[in-house]
>>> print(open('input39.pdb').read())   # PDB, C-alpha atoms, pLDDT in the B column
ATOM      1  CA  MET U1052      13.024  55.253  76.114  1.00 96.00           C
ATOM      2  CA  ILE U1053      10.526  56.969  73.794  1.00 97.00           C
ATOM      3  CA  LYS U1054      10.878  55.526  70.283  1.00 98.00           C
ATOM      4  CA  VAL U1055      10.294  58.142  67.563  1.00 98.00           C
ATOM      5  CA  LEU U1056       9.751  57.764  63.816  1.00 98.00           C
ATOM      6  CA  VAL U1057      10.449  60.895  61.739  1.00 98.00           C
ATOM      7  CA  VAL U1058       8.550  61.321  58.448  1.00 97.00           C
ATOM      8  CA  ASP U1059       9.672  64.192  56.222  1.00 96.00           C
ATOM      9  CA  ASN U1060      10.651  64.440  52.559  1.00 94.00           C
ATOM     10  CA  HIS U1061      13.554  66.758  53.376  1.00 95.00           C
ATOM     11  CA  PRO U1062      16.696  64.774  54.303  1.00 96.00           C
ATOM     12  CA  ILE U1063      18.117  67.678  56.306  1.00 96.00           C
ATOM     13  CA  ILE U1064      15.069  67.659  58.615  1.00 96.00           C
ATOM     14  CA  ARG U1065      15.376  63.917  59.192  1.00 97.00           C
ATOM     15  CA  LYS U1066      19.105  64.205  59.858  1.00 97.00           C
ATOM     16  CA  GLY U1067      18.472  67.084  62.245  1.00 96.00           C
ATOM     17  CA  PHE U1068      16.194  64.917  64.378  1.00 97.00           C
ATOM     18  CA  GLU U1069      18.699  62.080  64.392  1.00 96.00           C
ATOM     19  CA  LEU U1070      21.447  64.413  65.595  1.00 96.00           C
ATOM     20  CA  LEU U1071      19.179  66.091  68.154  1.00 96.00           C
ATOM     21  CA  PHE U1072      18.342  62.811  69.867  1.00 97.00           C
ATOM     22  CA  GLU U1073      21.630  61.008  69.232  1.00 94.00           C
ATOM     23  CA  SER U1074      22.538  60.992  72.911  1.00 92.00           C
ATOM     24  CA  HIS U1075      19.241  61.993  74.525  1.00 96.00           C
ATOM     25  CA  PRO U1076      18.541  60.026  77.723  1.00 96.00           C
ATOM     26  CA  GLU U1077      14.789  59.652  77.125  1.00 97.00           C
ATOM     27  CA  ILE U1078      14.142  59.873  73.373  1.00 98.00           C
ATOM     28  CA  THR U1079      15.589  57.932  70.452  1.00 97.00           C
ATOM     29  CA  VAL U1080      14.936  58.100  66.692  1.00 98.00           C
ATOM     30  CA  VAL U1081      14.258  54.519  65.575  1.00 98.00           C
ATOM     31  CA  GLY U1082      13.696  55.468  61.947  1.00 97.00           C
ATOM     32  CA  SER U1083      13.422  58.315  59.446  1.00 97.00           C
ATOM     33  CA  ILE U1084      11.539  58.015  56.168  1.00 96.00           C
ATOM     34  CA  GLY U1085      10.608  60.344  53.328  1.00 95.00           C
ATOM     35  CA  SER U1086       7.027  59.532  52.337  1.00 93.00           C
ATOM     36  CA  GLY U1087       3.641  58.831  53.879  1.00 91.00           C
ATOM     37  CA  ILE U1088       3.265  55.442  52.211  1.00 92.00           C
ATOM     38  CA  GLU U1089       6.424  54.143  53.924  1.00 94.00           C
ATOM     39  CA  ILE U1090       4.943  54.674  57.393  1.00 95.00           C
ATOM     40  CA  PHE U1091       2.737  51.591  57.294  1.00 94.00           C
ATOM     41  CA  GLU U1092       5.515  49.161  56.415  1.00 93.00           C
ATOM     42  CA  PHE U1093       7.805  50.670  59.043  1.00 96.00           C
ATOM     43  CA  ILE U1094       5.339  50.448  61.929  1.00 95.00           C
ATOM     44  CA  ARG U1095       4.514  46.861  60.964  1.00 93.00           C
ATOM     45  CA  ARG U1096       8.164  45.907  61.340  1.00 95.00           C
ATOM     46  CA  HIS U1097       9.307  48.150  64.190  1.00 96.00           C
ATOM     47  CA  SER U1098       8.124  49.310  67.588  1.00 96.00           C
ATOM     48  CA  VAL U1099       7.236  53.035  67.535  1.00 97.00           C
ATOM     49  CA  ASP U1100       5.768  55.228  70.283  1.00 97.00           C
ATOM     50  CA  VAL U1101       5.554  58.609  68.544  1.00 98.00           C
ATOM     51  CA  ILE U1102       5.471  59.590  64.857  1.00 98.00           C
ATOM     52  CA  ILE U1103       6.610  63.094  63.909  1.00 98.00           C
ATOM     53  CA  SER U1104       5.248  63.809  60.428  1.00 96.00           C
ATOM     54  CA  GLU U1105       5.144  66.629  57.924  1.00 94.00           C
ATOM     55  CA  ILE U1106       1.758  67.312  56.275  1.00 90.00           C
ATOM     56  CA  ASP U1107       3.137  67.694  52.743  1.00 88.00           C
ATOM     57  CA  LEU U1108       4.507  64.277  51.829  1.00 89.00           C
ATOM     58  CA  PRO U1109       4.967  62.547  48.469  1.00 84.00           C
ATOM     59  CA  GLU U1110       2.599  59.694  47.527  1.00 81.00           C
ATOM     60  CA  LEU U1111       0.329  60.147  50.543  1.00 86.00           C
ATOM     61  CA  ASN U1112      -0.163  63.385  52.469  1.00 85.00           C
ATOM     62  CA  GLY U1113       0.365  63.448  56.215  1.00 87.00           C
ATOM     63  CA  ILE U1114      -3.276  63.975  57.220  1.00 87.00           C
ATOM     64  CA  THR U1115      -4.520  61.091  55.090  1.00 87.00           C
ATOM     65  CA  ALA U1116      -1.756  58.867  56.467  1.00 90.00           C
ATOM     66  CA  LEU U1117      -2.622  59.976  59.999  1.00 91.00           C
ATOM     67  CA  ARG U1118      -6.258  59.001  59.613  1.00 87.00           C
ATOM     68  CA  ALA U1119      -5.330  55.548  58.284  1.00 90.00           C
ATOM     69  CA  ILE U1120      -2.726  54.971  61.007  1.00 90.00           C
ATOM     70  CA  LYS U1121      -5.139  55.781  63.824  1.00 88.00           C
ATOM     71  CA  LYS U1122      -7.665  53.249  62.528  1.00 86.00           C
ATOM     72  CA  GLU U1123      -5.207  50.409  63.153  1.00 86.00           C
ATOM     73  CA  HIS U1124      -2.957  51.829  65.872  1.00 89.00           C
ATOM     74  CA  LEU U1125      -5.037  53.769  68.387  1.00 84.00           C
ATOM     75  CA  ASP U1126      -2.227  53.958  70.942  1.00 88.00           C
ATOM     76  CA  LEU U1127       0.342  55.328  68.504  1.00 94.00           C
ATOM     77  CA  LYS U1128       0.879  59.060  69.070  1.00 96.00           C
ATOM     78  CA  VAL U1129       1.305  61.376  66.087  1.00 96.00           C
ATOM     79  CA  ILE U1130       2.782  64.884  66.068  1.00 97.00           C
ATOM     80  CA  MET U1131       2.208  66.891  62.898  1.00 95.00           C
ATOM     81  CA  PHE U1132       5.321  69.003  62.333  1.00 94.00           C
ATOM     82  CA  SER U1133       4.931  71.526  59.524  1.00 90.00           C
ATOM     83  CA  TYR U1134       5.466  75.066  58.277  1.00 87.00           C
ATOM     84  CA  HIS U1135       1.757  75.590  57.539  1.00 81.00           C
ATOM     85  CA  PRO U1136      -0.131  78.105  59.748  1.00 78.00           C
ATOM     86  CA  GLU U1137      -1.120  76.538  63.052  1.00 80.00           C
ATOM     87  CA  GLU U1138      -4.389  78.478  63.204  1.00 75.00           C
ATOM     88  CA  ILE U1139      -5.550  76.717  60.027  1.00 75.00           C
ATOM     89  CA  TYR U1140      -4.235  73.200  60.506  1.00 80.00           C
ATOM     90  CA  ALA U1141      -4.112  72.512  64.259  1.00 84.00           C
ATOM     91  CA  ILE U1142      -7.828  71.821  64.669  1.00 79.00           C
ATOM     92  CA  SER U1143      -7.970  69.661  61.533  1.00 80.00           C
ATOM     93  CA  VAL U1144      -5.060  67.423  62.511  1.00 87.00           C
ATOM     94  CA  LEU U1145      -6.376  66.979  66.054  1.00 85.00           C
ATOM     95  CA  LYS U1146      -9.759  65.959  64.615  1.00 82.00           C
ATOM     96  CA  ALA U1147      -7.974  63.458  62.385  1.00 84.00           C
ATOM     97  CA  GLY U1148      -6.302  61.850  65.386  1.00 88.00           C
ATOM     98  CA  ALA U1149      -3.041  63.720  65.968  1.00 92.00           C
ATOM     99  CA  SER U1150      -1.911  64.496  69.505  1.00 92.00           C
ATOM    100  CA  ALA U1151      -0.051  67.682  68.581  1.00 93.00           C
ATOM    101  CA  TYR U1152       0.633  70.288  65.948  1.00 93.00           C
ATOM    102  CA  VAL U1153       4.107  71.827  66.108  1.00 94.00           C
ATOM    103  CA  SER U1154       5.435  74.521  63.792  1.00 92.00           C
ATOM    104  CA  LYS U1155       8.823  74.025  62.145  1.00 93.00           C
ATOM    105  CA  THR U1156       9.819  77.439  63.482  1.00 91.00           C
ATOM    106  CA  VAL U1157       9.972  76.271  67.130  1.00 92.00           C
ATOM    107  CA  GLU U1158      13.074  75.760  69.243  1.00 93.00           C
ATOM    108  CA  THR U1159      14.323  72.224  69.874  1.00 94.00           C
ATOM    109  CA  ASP U1160      13.151  72.353  73.504  1.00 95.00           C
ATOM    110  CA  THR U1161       9.577  72.736  72.262  1.00 95.00           C
ATOM    111  CA  ILE U1162       9.615  69.597  70.135  1.00 96.00           C
ATOM    112  CA  ILE U1163      11.120  67.667  73.063  1.00 96.00           C
ATOM    113  CA  GLU U1164       8.341  68.969  75.319  1.00 96.00           C
ATOM    114  CA  ALA U1165       5.709  67.980  72.750  1.00 96.00           C
ATOM    115  CA  ILE U1166       7.109  64.449  72.386  1.00 97.00           C
ATOM    116  CA  LYS U1167       7.103  63.871  76.139  1.00 96.00           C
ATOM    117  CA  LYS U1168       3.613  65.300  76.567  1.00 94.00           C
ATOM    118  CA  VAL U1169       1.937  63.219  73.848  1.00 94.00           C
ATOM    119  CA  TYR U1170       3.824  60.078  74.915  1.00 95.00           C
ATOM    120  CA  ASN U1171       2.247  60.499  78.343  1.00 92.00           C
ATOM    121  CA  GLY U1172      -1.227  60.856  76.850  1.00 91.00           C
ATOM    122  CA  GLY U1173      -1.498  64.623  76.547  1.00 90.00           C
ATOM    123  CA  ILE U1174      -2.337  66.998  73.713  1.00 89.00           C
ATOM    124  CA  TYR U1175       0.219  69.625  72.717  1.00 91.00           C
ATOM    125  CA  LEU U1176      -0.528  73.003  71.136  1.00 85.00           C
ATOM    126  CA  SER U1177       1.406  76.253  71.367  1.00 83.00           C
ATOM    127  CA  ASP U1178       0.381  78.663  74.133  1.00 79.00           C
ATOM    128  CA  ALA U1179      -0.871  81.099  71.502  1.00 74.00           C
ATOM    129  CA  MET U1180      -3.063  78.461  69.872  1.00 74.00           C
ATOM    130  CA  ALA U1181      -4.395  77.192  73.187  1.00 69.00           C
ATOM    131  CA  LYS U1182      -5.416  80.755  74.116  1.00 65.00           C
ATOM    132  CA  HIS U1183      -6.939  81.249  70.679  1.00 60.00           C
ATOM    133  CA  LEU U1184      -9.148  78.188  71.127  1.00 60.00           C
ATOM    134  CA  THR U1185     -10.416  79.291  74.519  1.00 51.00           C
ATOM    135  CA  PHE U1186     -10.902  82.950  73.609  1.00 42.00           C
ATOM    136  CA  ASN U1187     -14.592  83.638  73.031  1.00 39.00           C
ATOM    137  CA  ASP U1188     -14.493  86.326  70.362  1.00 41.00           C
ATOM    138  CA  THR U1189     -17.873  87.127  68.820  1.00 33.00           C
ATOM    139  CA  LYS U1190     -16.349  88.711  65.716  1.00 39.00           C
ATOM    140  CA  ARG U1191     -16.227  86.585  62.604  1.00 42.00           C
ATOM    141  CA  SER U1192     -12.514  86.209  61.873  1.00 46.00           C
ATOM    142  CA  LYS U1193     -10.757  84.429  59.027  1.00 48.00           C
ATOM    143  CA  SER U1194      -9.320  81.877  61.399  1.00 49.00           C
ATOM    144  CA  LYS U1195     -12.827  81.087  62.684  1.00 50.00           C
ATOM    145  CA  MET U1196     -13.994  80.730  59.119  1.00 54.00           C
ATOM    146  CA  TYR U1197     -11.346  78.070  58.556  1.00 58.00           C
ATOM    147  CA  LYS U1198     -11.994  76.449  61.922  1.00 59.00           C
ATOM    148  CA  ARG U1199     -15.472  75.561  60.633  1.00 72.00           C
ATOM    149  CA  LEU U1200     -13.974  73.402  57.885  1.00 79.00           C
ATOM    150  CA  SER U1201     -13.730  69.659  58.438  1.00 83.00           C
ATOM    151  CA  THR U1202     -10.408  67.853  58.125  1.00 82.00           C
ATOM    152  CA  ARG U1203     -11.411  66.457  54.738  1.00 86.00           C
ATOM    153  CA  GLU U1204     -12.548  69.874  53.489  1.00 86.00           C
ATOM    154  CA  VAL U1205      -9.154  71.339  54.392  1.00 84.00           C
ATOM    155  CA  GLU U1206      -7.443  68.508  52.490  1.00 85.00           C
ATOM    156  CA  VAL U1207      -9.613  69.047  49.403  1.00 88.00           C
ATOM    157  CA  LEU U1208      -9.086  72.818  49.507  1.00 85.00           C
ATOM    158  CA  LYS U1209      -5.340  72.438  49.790  1.00 81.00           C
ATOM    159  CA  LEU U1210      -5.153  70.001  46.872  1.00 84.00           C
ATOM    160  CA  MET U1211      -7.360  72.252  44.749  1.00 82.00           C
ATOM    161  CA  SER U1212      -5.113  75.195  45.578  1.00 78.00           C
ATOM    162  CA  SER U1213      -2.086  73.246  44.383  1.00 75.00           C
ATOM    163  CA  GLY U1214      -3.749  72.816  40.971  1.00 77.00           C
ATOM    164  CA  LYS U1215      -5.071  69.259  41.288  1.00 83.00           C
ATOM    165  CA  LYS U1216      -8.173  68.234  39.337  1.00 85.00           C
ATOM    166  CA  ASN U1217     -11.140  66.363  40.809  1.00 88.00           C
ATOM    167  CA  LYS U1218      -9.876  63.003  39.555  1.00 90.00           C
ATOM    168  CA  GLU U1219      -6.393  63.561  41.028  1.00 89.00           C
ATOM    169  CA  ILE U1220      -7.887  64.655  44.365  1.00 90.00           C
ATOM    170  CA  ALA U1221     -10.141  61.599  44.419  1.00 91.00           C
ATOM    171  CA  ILE U1222      -7.178  59.280  43.818  1.00 91.00           C
ATOM    172  CA  GLU U1223      -4.974  60.907  46.453  1.00 89.00           C
ATOM    173  CA  LEU U1224      -7.682  60.928  49.126  1.00 90.00           C
ATOM    174  CA  ASP U1225      -9.087  57.528  48.100  1.00 89.00           C
ATOM    175  CA  ILE U1226     -12.609  58.860  47.529  1.00 92.00           C
ATOM    176  CA  ASN U1227     -14.750  59.077  44.379  1.00 91.00           C
ATOM    177  CA  GLU U1228     -15.043  62.130  42.156  1.00 90.00           C
ATOM    178  CA  LYS U1229     -18.659  62.728  43.146  1.00 91.00           C
ATOM    179  CA  THR U1230     -17.573  63.039  46.775  1.00 93.00           C
ATOM    180  CA  VAL U1231     -14.900  65.557  45.771  1.00 91.00           C
ATOM    181  CA  SER U1232     -17.612  67.625  44.064  1.00 89.00           C
ATOM    182  CA  THR U1233     -19.695  67.483  47.239  1.00 92.00           C
ATOM    183  CA  TYR U1234     -16.783  68.802  49.302  1.00 90.00           C
ATOM    184  CA  LYS U1235     -16.218  71.590  46.780  1.00 87.00           C
ATOM    185  CA  ALA U1236     -19.867  72.632  47.082  1.00 87.00           C
ATOM    186  CA  ARG U1237     -19.525  72.733  50.866  1.00 88.00           C
ATOM    187  CA  LEU U1238     -16.372  74.839  50.559  1.00 88.00           C
ATOM    188  CA  PHE U1239     -18.156  77.341  48.300  1.00 83.00           C
ATOM    189  CA  LYS U1240     -20.901  77.693  50.895  1.00 83.00           C
ATOM    190  CA  LYS U1241     -18.707  77.840  54.003  1.00 82.00           C
ATOM    191  CA  LEU U1242     -16.194  80.290  52.515  1.00 79.00           C
ATOM    192  CA  ASN U1243     -18.915  82.355  50.851  1.00 76.00           C
ATOM    193  CA  VAL U1244     -17.539  82.187  47.287  1.00 77.00           C
ATOM    194  CA  SER U1245     -19.183  81.262  43.977  1.00 72.00           C
ATOM    195  CA  ASN U1246     -16.307  80.038  41.789  1.00 71.00           C
ATOM    196  CA  ILE U1247     -13.022  78.136  41.863  1.00 74.00           C
ATOM    197  CA  VAL U1248     -10.874  81.234  41.312  1.00 69.00           C
ATOM    198  CA  ASP U1249     -12.274  82.982  44.395  1.00 70.00           C
ATOM    199  CA  LEU U1250     -12.027  79.767  46.404  1.00 73.00           C
ATOM    200  CA  ILE U1251      -8.340  79.350  45.592  1.00 70.00           C
ATOM    201  CA  HIS U1252      -7.777  83.053  46.229  1.00 67.00           C
ATOM    202  CA  GLN U1253      -9.236  82.574  49.721  1.00 65.00           C
ATOM    203  CA  ALA U1254      -6.875  79.678  50.356  1.00 66.00           C
ATOM    204  CA  LYS U1255      -3.837  81.599  49.136  1.00 61.00           C
ATOM    205  CA  HIS U1256      -4.839  84.634  51.168  1.00 57.00           C
ATOM    206  CA  MET U1257      -4.914  82.458  54.279  1.00 56.00           C
ATOM    207  CA  GLU U1258      -1.489  80.978  53.387  1.00 48.00           C
ATOM    208  CA  LEU U1259      -3.057  77.557  52.918  1.00 49.00           C
ATOM    209  CA  THR U1260      -0.884  76.694  49.933  1.00 43.00           C
TER     210      THR U1260
END
>>> encode(input="input39.pdb", output="structure tokens")
Amino acid sequence: MIKVLVVDNHPIIRKGFELLFESHPEITVVGSIGSGIEIFEFIRRHSVDVIISEIDLPELNGITALRAIKKEHLDLKVIMFSYHPEEIYAISVLKAGASAYVSKTVETDTIIEAIKKVYNGGIYLSDAMAKHLTFNDTKRSKSKMYKRLSTREVEVLKLMSSGKKNKEIAIELDINEKTVSTYKARLFKKLNVSNIVDLIHQAKHMELT
């Protein structure tokens, strides 16, 4: 039986997973929690095979939690399950250690397929995303522009776009303010902008917020 932990701050999502796998012959939900910080205590106390986690979580965002989890639990599989655009986030979460990125718009059969695939050691992406990654297009597209960003740069950009100041970003990502400034400078260069307003406009235009 594949033991799944669901992490989402929306109770209806957590309940939906519990009902979906209530009588499933291969998958069971062993826990459902509402914040990133709760993950660590849960996996210390319980056996978990696969974590299904939202990116936007209170206290600790999903990508930061993912990175910390993988440092201590290399064999634990993580599926990021979110409404954010796959073309922006899929590469970043895989770099951070996730085994899959699944959109919240998918059918239930898709999430079941993803769970089984990552449990058996595979990587799951949608067919469209898999084709996108293997398609050698020489044109400079917006998605390619974002693909050049590191996981941490995406995190910083997202937090900036939500109105967070350098100090708040530093606290949430557990880095110092000088490092945040360095990431901002890299973002200016990579996204070809010269000020915060244009940077945030780029993020909003790409549906990053």
>>> residues_near_point(input="input39.pdb", point="(8.3, 48.6, 61.5)", cutoff="12 Å", atoms="only C-alpha atoms", output="list in words")
Lys1054, Val1055, Leu1056, Val1081, Gly1082, Ser1083, Ile1084, Glu1089, Ile1090, Phe1091, Glu1092, Phe1093, Ile1094, Arg1095, Arg1096, His1097, Ser1098, Val1099, Asp1100 and Ile1102 of chain U
>>> resolve_selection(input="input39.pdb", expression="the PyMOL selection byres ((chain U and resi 1086) around 12)", output="PyMOL selection string")
chain U and resi 1056-1062+1065+1083-1085+1087-1093+1104-1113+1115-1116
>>> closest_residue(input="input39.pdb", among="U:Ile1064, U:Leu1117, U:Ala1179, U:Val1153", to="His1135 in chain U", atoms="all atoms listed in the file")
U:Val1153
>>> closest_residue(input="input39.pdb", among="U:Leu1070, U:Ile1166, U:Leu1208, U:Val1101", to="Ile1220 in chain U", atoms="only C-alpha atoms")
U:Leu1208
>>> resolve_selection(input="input39.pdb", expression="the PyMOL selection byres ((chain U and resi 1204) around 10)", output="MDAnalysis selection string")
chainID U and resid 1143 1197 1199:1203 1205:1210 1231 1233:1235 1237:1238
>>> axis_aligned_box(input="input39.pdb", around="range 1202-1212 of chain U", padding_each_side="3 Å", output="lines of an AutoDock Vina configuration file")
center_x = -8.8
center_y = 70.8
center_z = 51.4
size_x = 13.4
size_y = 14.7
size_z = 19.4
>>> residues_around(input="input39.pdb", residues="Val1144 in chain U", least_positions_apart="4", cutoff="7 Å", atoms="only C-alpha atoms", output="JSON list (two decimals) with C-alpha atoms, keeping the file's coordinate frame")
[["chain", "number", "residue", "atom", "x", "y", "z"],
["U", 1114, "ILE", "CA", -3.28, 63.98, 57.22],
["U", 1140, "TYR", "CA", -4.24, 73.20, 60.51],
["U", 1148, "GLY", "CA", -6.30, 61.85, 65.39],
["U", 1149, "ALA", "CA", -3.04, 63.72, 65.97],
["U", 1202, "THR", "CA", -10.41, 67.85, 58.12]]
>>> atom_distance(input="input39.pdb", atom1="CA of Ile1063 in chain U", atom2="CA of Thr1079 in chain U")
17.4 Å
